[in-house]
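Asker: Input my_file.pdb, format and content: PDB, C-alpha atoms, pLDDT in the B column.
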ATOM      1  CA  GLY A   1       0.000   0.000   0.000  1.00 77.00           C
ATOM      2  CA  GLU A   2       0.879   3.679  -0.116  1.00 81.00           C
ATOM      3  CA  ASN A   3       3.425   5.100   2.324  1.00 89.00           C
ATOM      4  CA  VAL A   4       4.120   8.805   2.780  1.00 94.00           C
ATOM      5  CA  GLU A   5       7.278  10.048   4.466  1.00 96.00           C
ATOM      6  CA  GLN A   6       7.607  13.675   5.564  1.00 97.00           C
ATOM      7  CA  HIS A   7      10.706  15.666   6.512  1.00 96.00           C
ATOM      8  CA  PRO A   8      11.749  17.425   8.625  1.00 97.00           C
ATOM      9  CA  SER A   9       9.714  16.657  11.730  1.00 96.00           C
ATOM     10  CA  THR A  10      10.494  20.113  13.111  1.00 97.00           C
ATOM     11  CA  LEU A  11      11.514  23.221  11.183  1.00 98.00           C
ATOM     12  CA  SER A  12      12.498  26.512  12.767  1.00 98.00           C
ATOM     13  CA  VAL A  13      12.920  29.566  10.539  1.00 97.00           C
ATOM     14  CA  GLN A  14      13.363  33.272  11.083  1.00 98.00           C
ATOM     15  CA  GLU A  15      10.315  35.412  10.392  1.00 97.00           C
ATOM     16  CA  GLY A  16      10.462  36.590   6.808  1.00 97.00           C
ATOM     17  CA  ASP A  17      12.575  33.666   5.597  1.00 97.00           C
ATOM     18  CA  SER A  18      11.290  30.787   3.485  1.00 98.00           C
ATOM     19  CA  ALA A  19      10.318  27.318   4.712  1.00 98.00           C
ATOM     20  CA  VAL A  20      10.369  24.099   2.701  1.00 98.00           C
ATOM     21  CA  ILE A  21       8.783  20.801   3.750  1.00 98.00           C
ATOM     22  CA  LYS A  22       9.340  17.657   1.696  1.00 98.00           C
ATOM     23  CA  CYS A  23       7.338  14.471   1.282  1.00 98.00           C
ATOM     24  CA  THR A  24       7.928  11.265  -0.630  1.00 97.00           C
ATOM     25  CA  TYR A  25       5.338   8.682  -1.611  1.00 96.00           C
ATOM     26  CA  SER A  26       5.644   5.077  -2.682  1.00 94.00           C
ATOM     27  CA  ASP A  27       2.655   4.377  -4.951  1.00 92.00           C
ATOM     28  CA  SER A  28       3.240   5.710  -8.459  1.00 91.00           C
ATOM     29  CA  ALA A  29      -0.530   5.547  -9.067  1.00 91.00           C
ATOM     30  CA  SER A  30      -1.190   8.269  -6.475  1.00 93.00           C
ATOM     31  CA  ASN A  31      -2.598  11.323  -8.226  1.00 93.00           C
ATOM     32  CA  TYR A  32      -3.776  13.746  -5.548  1.00 93.00           C
ATOM     33  CA  PHE A  33      -1.479  15.488  -3.055  1.00 96.00           C
ATOM     34  CA  PRO A  34      -2.977  17.894  -0.511  1.00 95.00           C
ATOM     35  CA  TRP A  35      -1.272  19.838   2.247  1.00 97.00           C
ATOM     36  CA  TYR A  36      -3.078  20.510   5.517  1.00 97.00           C
ATOM     37  CA  LYS A  37      -2.260  22.981   8.272  1.00 97.00           C
ATOM     38  CA  GLN A  38      -3.203  22.157  11.839  1.00 96.00           C
ATOM     39  CA  GLU A  39      -2.873  24.774  14.559  1.00 95.00           C
ATOM     40  CA  LEU A  40      -2.599  23.621  18.153  1.00 91.00           C
ATOM     41  CA  GLY A  41      -5.875  22.145  19.356  1.00 88.00           C
ATOM     42  CA  LYS A  42      -7.649  22.815  16.074  1.00 91.00           C
ATOM     43  CA  ARG A  43      -8.793  20.771  13.112  1.00 93.00           C
ATOM     44  CA  PRO A  44      -6.670  20.236   9.974  1.00 93.00           C
ATOM     45  CA  GLN A  45      -7.445  22.661   7.164  1.00 94.00           C
ATOM     46  CA  LEU A  46      -6.506  22.358   3.518  1.00 94.00           C
ATOM     47  CA  ILE A  47      -4.067  25.051   2.416  1.00 96.00           C
ATOM     48  CA  ILE A  48      -3.121  23.863  -1.065  1.00 96.00           C
ATOM     49  CA  ASP A  49      -3.299  20.735  -3.192  1.00 95.00           C
ATOM     50  CA  ILE A  50      -1.886  19.491  -6.478  1.00 94.00           C
ATOM     51  CA  ARG A  51      -2.796  16.784  -8.948  1.00 92.00           C
ATOM     52  CA  SER A  52      -0.416  14.556 -10.856  1.00 90.00           C
ATOM     53  CA  ASN A  53      -1.005  16.341 -14.170  1.00 89.00           C
ATOM     54  CA  VAL A  54       0.507  19.560 -12.783  1.00 87.00           C
ATOM     55  CA  GLY A  55       4.110  20.206 -11.733  1.00 92.00           C
ATOM     56  CA  GLU A  56       3.650  23.323  -9.632  1.00 95.00           C
ATOM     57  CA  LYS A  57       0.867  25.344  -8.077  1.00 95.00           C
ATOM     58  CA  LYS A  58       0.998  28.674  -6.268  1.00 97.00           C
ATOM     59  CA  ASP A  59      -1.362  30.556  -3.989  1.00 95.00           C
ATOM     60  CA  GLN A  60       0.074  33.845  -2.719  1.00 96.00           C
ATOM     61  CA  ARG A  61       2.949  32.911  -0.349  1.00 97.00           C
ATOM     62  CA  ILE A  62       2.380  29.184  -0.631  1.00 98.00           C
ATOM     63  CA  ALA A  63       3.499  26.894  -3.438  1.00 98.00           C
ATOM     64  CA  VAL A  64       3.636  23.155  -3.982  1.00 98.00           C
ATOM     65  CA  THR A  65       5.886  21.330  -6.432  1.00 97.00           C
ATOM     66  CA  LEU A  66       5.514  17.741  -7.615  1.00 96.00           C
ATOM     67  CA  ASN A  67       8.159  15.487  -9.141  1.00 95.00           C
ATOM     68  CA  LYS A  68       6.356  12.367 -10.339  1.00 93.00           C
ATOM     69  CA  THR A  69       9.528  10.656 -11.515  1.00 94.00           C
ATOM     70  CA  ALA A  70      11.156  10.927  -8.109  1.00 95.00           C
ATOM     71  CA  LYS A  71       7.803  10.532  -6.332  1.00 96.00           C
ATOM     72  CA  HIS A  72       8.227  13.528  -4.112  1.00 96.00           C
ATOM     73  CA  PHE A  73       6.400  16.776  -3.522  1.00 97.00           C
ATOM     74  CA  SER A  74       7.257  19.842  -1.489  1.00 98.00           C
ATOM     75  CA  LEU A  75       5.537  22.728   0.242  1.00 98.00           C
ATOM     76  CA  HIS A  76       7.181  26.137  -0.023  1.00 98.00           C
ATOM     77  CA  ILE A  77       6.187  29.054   2.202  1.00 98.00           C
ATOM     78  CA  THR A  78       7.813  32.392   1.445  1.00 97.00           C
ATOM     79  CA  GLU A  79       8.009  35.493   3.648  1.00 98.00           C
ATOM     80  CA  THR A  80       6.993  33.495   6.705  1.00 98.00           C
ATOM     81  CA  GLN A  81       4.864  35.170   9.347  1.00 97.00           C
ATOM     82  CA  PRO A  82       4.092  34.276  12.987  1.00 96.00           C
ATOM     83  CA  GLU A  83       0.671  32.966  11.990  1.00 96.00           C
ATOM     84  CA  ASP A  84       2.378  30.338   9.821  1.00 97.00           C
ATOM     85  CA  SER A  85       3.443  28.526  13.003  1.00 97.00           C
ATOM     86  CA  ALA A  86       1.569  25.206  13.017  1.00 97.00           C
ATOM     87  CA  VAL A  87       1.920  21.536  12.145  1.00 97.00           C
ATOM     88  CA  TYR A  88       1.809  20.857   8.418  1.00 98.00           C
ATOM     89  CA  PHE A  89       0.762  17.490   6.990  1.00 97.00           C
ATOM     90  CA  CYS A  90       1.242  16.212   3.476  1.00 97.00           C
ATOM     91  CA  ALA A  91      -0.911  13.413   2.119  1.00 95.00           C
ATOM     92  CA  ALA A  92      -1.369  11.310  -0.995  1.00 94.00           C
ATOM     93  CA  SER A  93      -4.196   9.359  -2.541  1.00 89.00           C
ATOM     94  CA  LYS A  94      -5.354   7.869  -5.820  1.00 83.00           C
ATOM     95  CA  ASN A  95      -8.803   8.685  -7.085  1.00 73.00           C
ATOM     96  CA  ASN A  96      -9.889  10.094  -3.707  1.00 65.00           C
ATOM     97  CA  TYR A  97      -9.438   6.709  -2.111  1.00 71.00           C
ATOM     98  CA  GLN A  98      -7.826   6.397   1.323  1.00 79.00           C
ATOM     99  CA  LEU A  99      -5.819   9.562   1.849  1.00 87.00           C
ATOM    100  CA  ILE A 100      -2.473   8.519   3.379  1.00 90.00           C
ATOM    101  CA  TRP A 101      -0.951  11.150   5.665  1.00 92.00           C
ATOM    102  CA  GLY A 102       2.622  12.023   6.502  1.00 93.00           C
ATOM    103  CA  ALA A 103       3.716  12.268  10.131  1.00 93.00           C
ATOM    104  CA  GLY A 104       3.677  16.066  10.131  1.00 95.00           C
ATOM    105  CA  THR A 105       6.173  18.924  10.374  1.00 97.00           C
ATOM    106  CA  LYS A 106       6.070  21.364  13.239  1.00 97.00           C
ATOM    107  CA  LEU A 107       6.925  24.767  11.781  1.00 98.00           C
ATOM    108  CA  ILE A 108       8.226  27.345  14.241  1.00 98.00           C
ATOM    109  CA  ILE A 109       8.561  30.962  13.133  1.00 97.00           C
ATOM    110  CA  LYS A 110      11.119  32.820  15.232  1.00 95.00           C
ATOM    111  CA  PRO A 111      10.513  36.578  15.699  1.00 91.00           C
TER     112      PRO A 111
ATOM    113  CA  GLU B   1     -22.599  26.581   4.631  1.00 57.00           C
ATOM    114  CA  ALA B   2     -22.501  24.847   8.019  1.00 77.00           C
ATOM    115  CA  GLY B   3     -19.382  22.819   8.725  1.00 93.00           C
ATOM    116  CA  VAL B   4     -18.934  19.275   9.948  1.00 96.00           C
ATOM    117  CA  ALA B   5     -20.447  18.838  13.393  1.00 97.00           C
ATOM    118  CA  GLN B   6     -19.170  16.434  16.024  1.00 97.00           C
ATOM    119  CA  SER B   7     -20.201  15.600  19.561  1.00 97.00           C
ATOM    120  CA  PRO B   8     -19.194  15.347  22.254  1.00 97.00           C
ATOM    121  CA  ARG B   9     -16.123  17.576  22.136  1.00 96.00           C
ATOM    122  CA  TYR B  10     -14.510  15.886  25.120  1.00 97.00           C
ATOM    123  CA  LYS B  11     -15.015  12.532  26.802  1.00 97.00           C
ATOM    124  CA  ILE B  12     -13.271  10.914  29.740  1.00 98.00           C
ATOM    125  CA  ILE B  13     -13.932   7.256  30.458  1.00 97.00           C
ATOM    126  CA  GLU B  14     -12.288   4.397  32.275  1.00 97.00           C
ATOM    127  CA  LYS B  15     -10.766   1.462  30.437  1.00 96.00           C
ATOM    128  CA  ARG B  16     -13.206  -1.280  29.494  1.00 97.00           C
ATOM    129  CA  GLN B  17     -16.064   1.220  29.307  1.00 97.00           C
ATOM    130  CA  SER B  18     -17.922   1.997  26.092  1.00 97.00           C
ATOM    131  CA  VAL B  19     -18.110   5.301  24.245  1.00 98.00           C
ATOM    132  CA  ALA B  20     -19.846   6.628  21.150  1.00 98.00           C
ATOM    133  CA  PHE B  21     -19.092   9.619  18.950  1.00 98.00           C
ATOM    134  CA  TRP B  22     -21.445  11.329  16.554  1.00 97.00           C
ATOM    135  CA  CYS B  23     -20.734  13.169  13.308  1.00 97.00           C
ATOM    136  CA  ASN B  24     -22.963  15.169  10.985  1.00 97.00           C
ATOM    137  CA  PRO B  25     -21.184  15.975   7.699  1.00 96.00           C
ATOM    138  CA  ILE B  26     -21.685  18.999   5.495  1.00 95.00           C
ATOM    139  CA  SER B  27     -25.052  18.763   3.766  1.00 93.00           C
ATOM    140  CA  GLY B  28     -24.822  16.910   0.480  1.00 92.00           C
ATOM    141  CA  HIS B  29     -21.392  15.390   1.120  1.00 94.00           C
ATOM    142  CA  ALA B  30     -21.517  11.742   0.125  1.00 92.00           C
ATOM    143  CA  THR B  31     -18.166  10.673   1.550  1.00 93.00           C
ATOM    144  CA  LEU B  32     -17.529  10.560   5.292  1.00 96.00           C
ATOM    145  CA  TYR B  33     -14.331   9.631   7.093  1.00 96.00           C
ATOM    146  CA  TRP B  34     -13.433   8.808  10.673  1.00 97.00           C
ATOM    147  CA  TYR B  35      -9.831   9.403  11.692  1.00 96.00           C
ATOM    148  CA  GLN B  36      -7.915   8.719  14.892  1.00 97.00           C
ATOM    149  CA  GLN B  37      -5.216  11.272  15.705  1.00 94.00           C
ATOM    150  CA  ILE B  38      -2.875  10.391  18.537  1.00 93.00           C
ATOM    151  CA  LEU B  39      -0.973  13.319  20.030  1.00 89.00           C
ATOM    152  CA  GLY B  40       2.048  14.206  17.890  1.00 85.00           C
ATOM    153  CA  GLN B  41       0.990  12.062  14.939  1.00 88.00           C
ATOM    154  CA  GLY B  42      -0.874  12.516  11.700  1.00 88.00           C
ATOM    155  CA  PRO B  43      -4.499  11.441  11.314  1.00 92.00           C
ATOM    156  CA  LYS B  44      -4.990   7.711  10.751  1.00 92.00           C
ATOM    157  CA  LEU B  45      -8.009   6.688   8.702  1.00 92.00           C
ATOM    158  CA  LEU B  46     -10.296   4.295  10.560  1.00 96.00           C
ATOM    159  CA  ILE B  47     -13.177   4.032   8.111  1.00 95.00           C
ATOM    160  CA  GLN B  48     -14.447   5.685   4.928  1.00 94.00           C
ATOM    161  CA  PHE B  49     -18.114   5.695   3.891  1.00 95.00           C
ATOM    162  CA  GLN B  50     -19.574   6.500   0.483  1.00 92.00           C
ATOM    163  CA  ASN B  51     -23.211   7.313   1.235  1.00 91.00           C
ATOM    164  CA  ASN B  52     -24.199   4.450   3.584  1.00 87.00           C
ATOM    165  CA  GLY B  53     -21.688   1.934   2.238  1.00 92.00           C
ATOM    166  CA  VAL B  54     -18.211   1.200   3.603  1.00 93.00           C
ATOM    167  CA  VAL B  55     -15.407   1.969   1.129  1.00 91.00           C
ATOM    168  CA  ASP B  56     -12.462   1.165   3.390  1.00 90.00           C
ATOM    169  CA  ASP B  57     -12.272  -0.093   6.954  1.00 93.00           C
ATOM    170  CA  SER B  58      -8.948  -1.899   6.709  1.00 90.00           C
ATOM    171  CA  GLN B  59      -7.454  -0.008   9.660  1.00 90.00           C
ATOM    172  CA  LEU B  60     -10.479  -0.219  11.928  1.00 95.00           C
ATOM    173  CA  PRO B  61      -9.829  -2.497  14.954  1.00 95.00           C
ATOM    174  CA  LYS B  62     -13.020  -4.431  14.420  1.00 95.00           C
ATOM    175  CA  ASP B  63     -12.803  -6.345  17.673  1.00 96.00           C
ATOM    176  CA  ARG B  64     -13.598  -3.152  19.568  1.00 97.00           C
ATOM    177  CA  PHE B  65     -14.481  -0.413  17.090  1.00 98.00           C
ATOM    178  CA  SER B  66     -17.641  -0.164  15.013  1.00 97.00           C
ATOM    179  CA  ALA B  67     -19.138   2.552  12.858  1.00 97.00           C
ATOM    180  CA  GLU B  68     -22.339   3.036  10.956  1.00 96.00           C
ATOM    181  CA  ARG B  69     -23.938   5.535   8.616  1.00 95.00           C
ATOM    182  CA  LEU B  70     -27.372   4.014   8.218  1.00 82.00           C
ATOM    183  CA  LYS B  71     -29.134   6.748   6.249  1.00 87.00           C
ATOM    184  CA  GLY B  72     -26.098   8.016   4.410  1.00 86.00           C
ATOM    185  CA  VAL B  73     -26.001  11.252   6.377  1.00 93.00           C
ATOM    186  CA  ASP B  74     -24.782  11.306   9.979  1.00 95.00           C
ATOM    187  CA  SER B  75     -22.547   8.639  11.446  1.00 97.00           C
ATOM    188  CA  THR B  76     -21.608   7.140  14.793  1.00 97.00           C
ATOM    189  CA  LEU B  77     -18.321   5.574  15.860  1.00 98.00           C
ATOM    190  CA  LYS B  78     -18.320   3.295  18.872  1.00 98.00           C
ATOM    191  CA  ILE B  79     -15.544   1.809  20.981  1.00 98.00           C
ATOM    192  CA  GLN B  80     -16.390  -1.149  23.189  1.00 97.00           C
ATOM    193  CA  PRO B  81     -14.471  -1.846  25.382  1.00 97.00           C
ATOM    194  CA  ALA B  82     -12.014   1.054  25.427  1.00 97.00           C
ATOM    195  CA  LYS B  83      -8.306   0.605  26.080  1.00 97.00           C
ATOM    196  CA  LEU B  84      -5.748   3.108  27.346  1.00 97.00           C
ATOM    197  CA  GLU B  85      -4.191   3.326  23.866  1.00 96.00           C
ATOM    198  CA  ASP B  86      -7.500   4.565  22.435  1.00 97.00           C
ATOM    199  CA  SER B  87      -6.834   7.973  24.005  1.00 97.00           C
ATOM    200  CA  ALA B  88      -6.755  10.307  21.007  1.00 97.00           C
ATOM    201  CA  VAL B  89      -8.699  12.899  19.088  1.00 97.00           C
ATOM    202  CA  TYR B  90     -11.323  11.356  16.816  1.00 98.00           C
ATOM    203  CA  LEU B  91     -11.855  13.461  13.729  1.00 97.00           C
ATOM    204  CA  CYS B  92     -14.722  13.235  11.311  1.00 97.00           C
ATOM    205  CA  ALA B  93     -14.362  14.647   7.799  1.00 96.00           C
ATOM    206  CA  SER B  94     -16.497  14.802   4.683  1.00 95.00           C
ATOM    207  CA  THR B  95     -16.016  15.488   0.999  1.00 92.00           C
ATOM    208  CA  GLY B  96     -18.405  16.545  -1.701  1.00 88.00           C
ATOM    209  CA  ALA B  97     -17.730  17.110  -5.382  1.00 85.00           C
ATOM    210  CA  SER B  98     -14.112  18.165  -4.811  1.00 83.00           C
ATOM    211  CA  ASP B  99     -11.403  16.112  -3.107  1.00 82.00           C
ATOM    212  CA  GLU B 100     -11.008  18.548  -0.230  1.00 87.00           C
ATOM    213  CA  GLN B 101     -11.752  16.956   3.107  1.00 91.00           C
ATOM    214  CA  PHE B 102     -13.539  19.236   5.548  1.00 93.00           C
ATOM    215  CA  PHE B 103     -12.906  18.336   9.160  1.00 95.00           C
ATOM    216  CA  GLY B 104     -15.070  18.653  12.216  1.00 96.00           C
ATOM    217  CA  PRO B 105     -13.687  19.996  15.519  1.00 95.00           C
ATOM    218  CA  GLY B 106     -12.938  16.488  16.785  1.00 96.00           C
ATOM    219  CA  THR B 107     -13.711  14.589  19.970  1.00 97.00           C
ATOM    220  CA  ARG B 108     -10.881  14.360  22.477  1.00 97.00           C
ATOM    221  CA  LEU B 109     -11.096  10.981  24.227  1.00 98.00           C
ATOM    222  CA  THR B 110      -9.188  10.259  27.403  1.00 97.00           C
ATOM    223  CA  VAL B 111      -9.186   6.681  28.676  1.00 97.00           C
ATOM    224  CA  LEU B 112      -8.078   6.311  32.298  1.00 97.00           C
TER     225      LEU B 112
END
Let me see the file written as structure tokens.

Answerer:
Amino acid sequence: GENVEQHPSTLSVQEGDSAVIKCTYSDSASNYFPWYKQELGKRPQLIIDIRSNVGEKKDQRIAVTLNKTAKHFSLHITETQPEDSAVYFCAASKNNYQLIWGAGTKLIIKP
Amino acid sequence: EAGVAQSPRYKIIEKRQSVAFWCNPISGHATLYWYQQILGQGPKLLIQFQNNGVVDDSQLPKDRFSAERLKGVDSTLKIQPAKLEDSAVYLCASTGASDEQFFGPGTRLTVL
């Protein structure tokens, strides 16, 4: 079955710098890759997603890149702000079946 | 539109007791998921429903966990009997036409 690995487990960056979180997946048939943000004590919320027919997608300060050959995808956050502090989860699925989640990355924005 | 509703928000029980959680998805969402999220980990899918049918329950510990969605709308998840390792947040999510999963606020279960 699908396996999703996420790195790093903790990432600390200076406010205003960029943050990059990487995930790898094992099932080449996976075609949907969302990223969720979960603030402490709150529910996960979708921040951006990408499908296998697209290599990159941007939404303001957030971007996701997908390398199907290498089976990895990354989340890029530019100009980080204090409100970006949270746990970020990547996930992968094929045809909206059984979304497999990474273990999460705790992002810390230092003032 | 109203979001995914869950109740109760918090529950404390002793081991070997039973507990039930309720979820009402966003109106019109055919797919409903129950996840278990242990502190410091990502959500783990327990069961996925499409309308009132089970799509995937491969990770549901069927000796103690059960779930139903009889009318294809709201759903209940039951644990009987509970173990200490069941302490977690139980998240319900639903999807409609898009793939985005919308999560409820979760039920935090503590088993003593």

Asker: Compute the chain A side of the contact with chain B at 8 Å, counting all atoms listed in the file, and hand it back as a list in words.

Answerer: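 In the required form, that comes to Lys42, Arg43, Pro44, Gln45, Leu46, Phe89, Asn96, Gln98, Leu99, Ile100, Trp101, Gly102, Ala103 and Gly104 of chain A.
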
Asker: Specify as an MDAnalysis selection string each residue included when the PyMOL selection byres ((chain B and resi 16) around 10) is applied to this file.

Answerer: chainID B and resid 13:15 17:19 79:84 111:112

Asker: What is the distance, in Å and to one decimal place, between atom CA of Cys90 of chain A and atom CA of Ile77 of chain A?

Answerer: 13.8 Å

Asker: Could you pull the residues within 7 Å of Ala5 of chain B, counting only C-alpha atoms, minus those fewer than 4 positions along the same chain, as a PyMOL selection string?

Answerer: chain B and resi 23-25+104

Asker: What is the atom CA of Gln14 of chain A to atom CA of Ile109 of chain A distance in Å?

Answerer: 5.7 Å
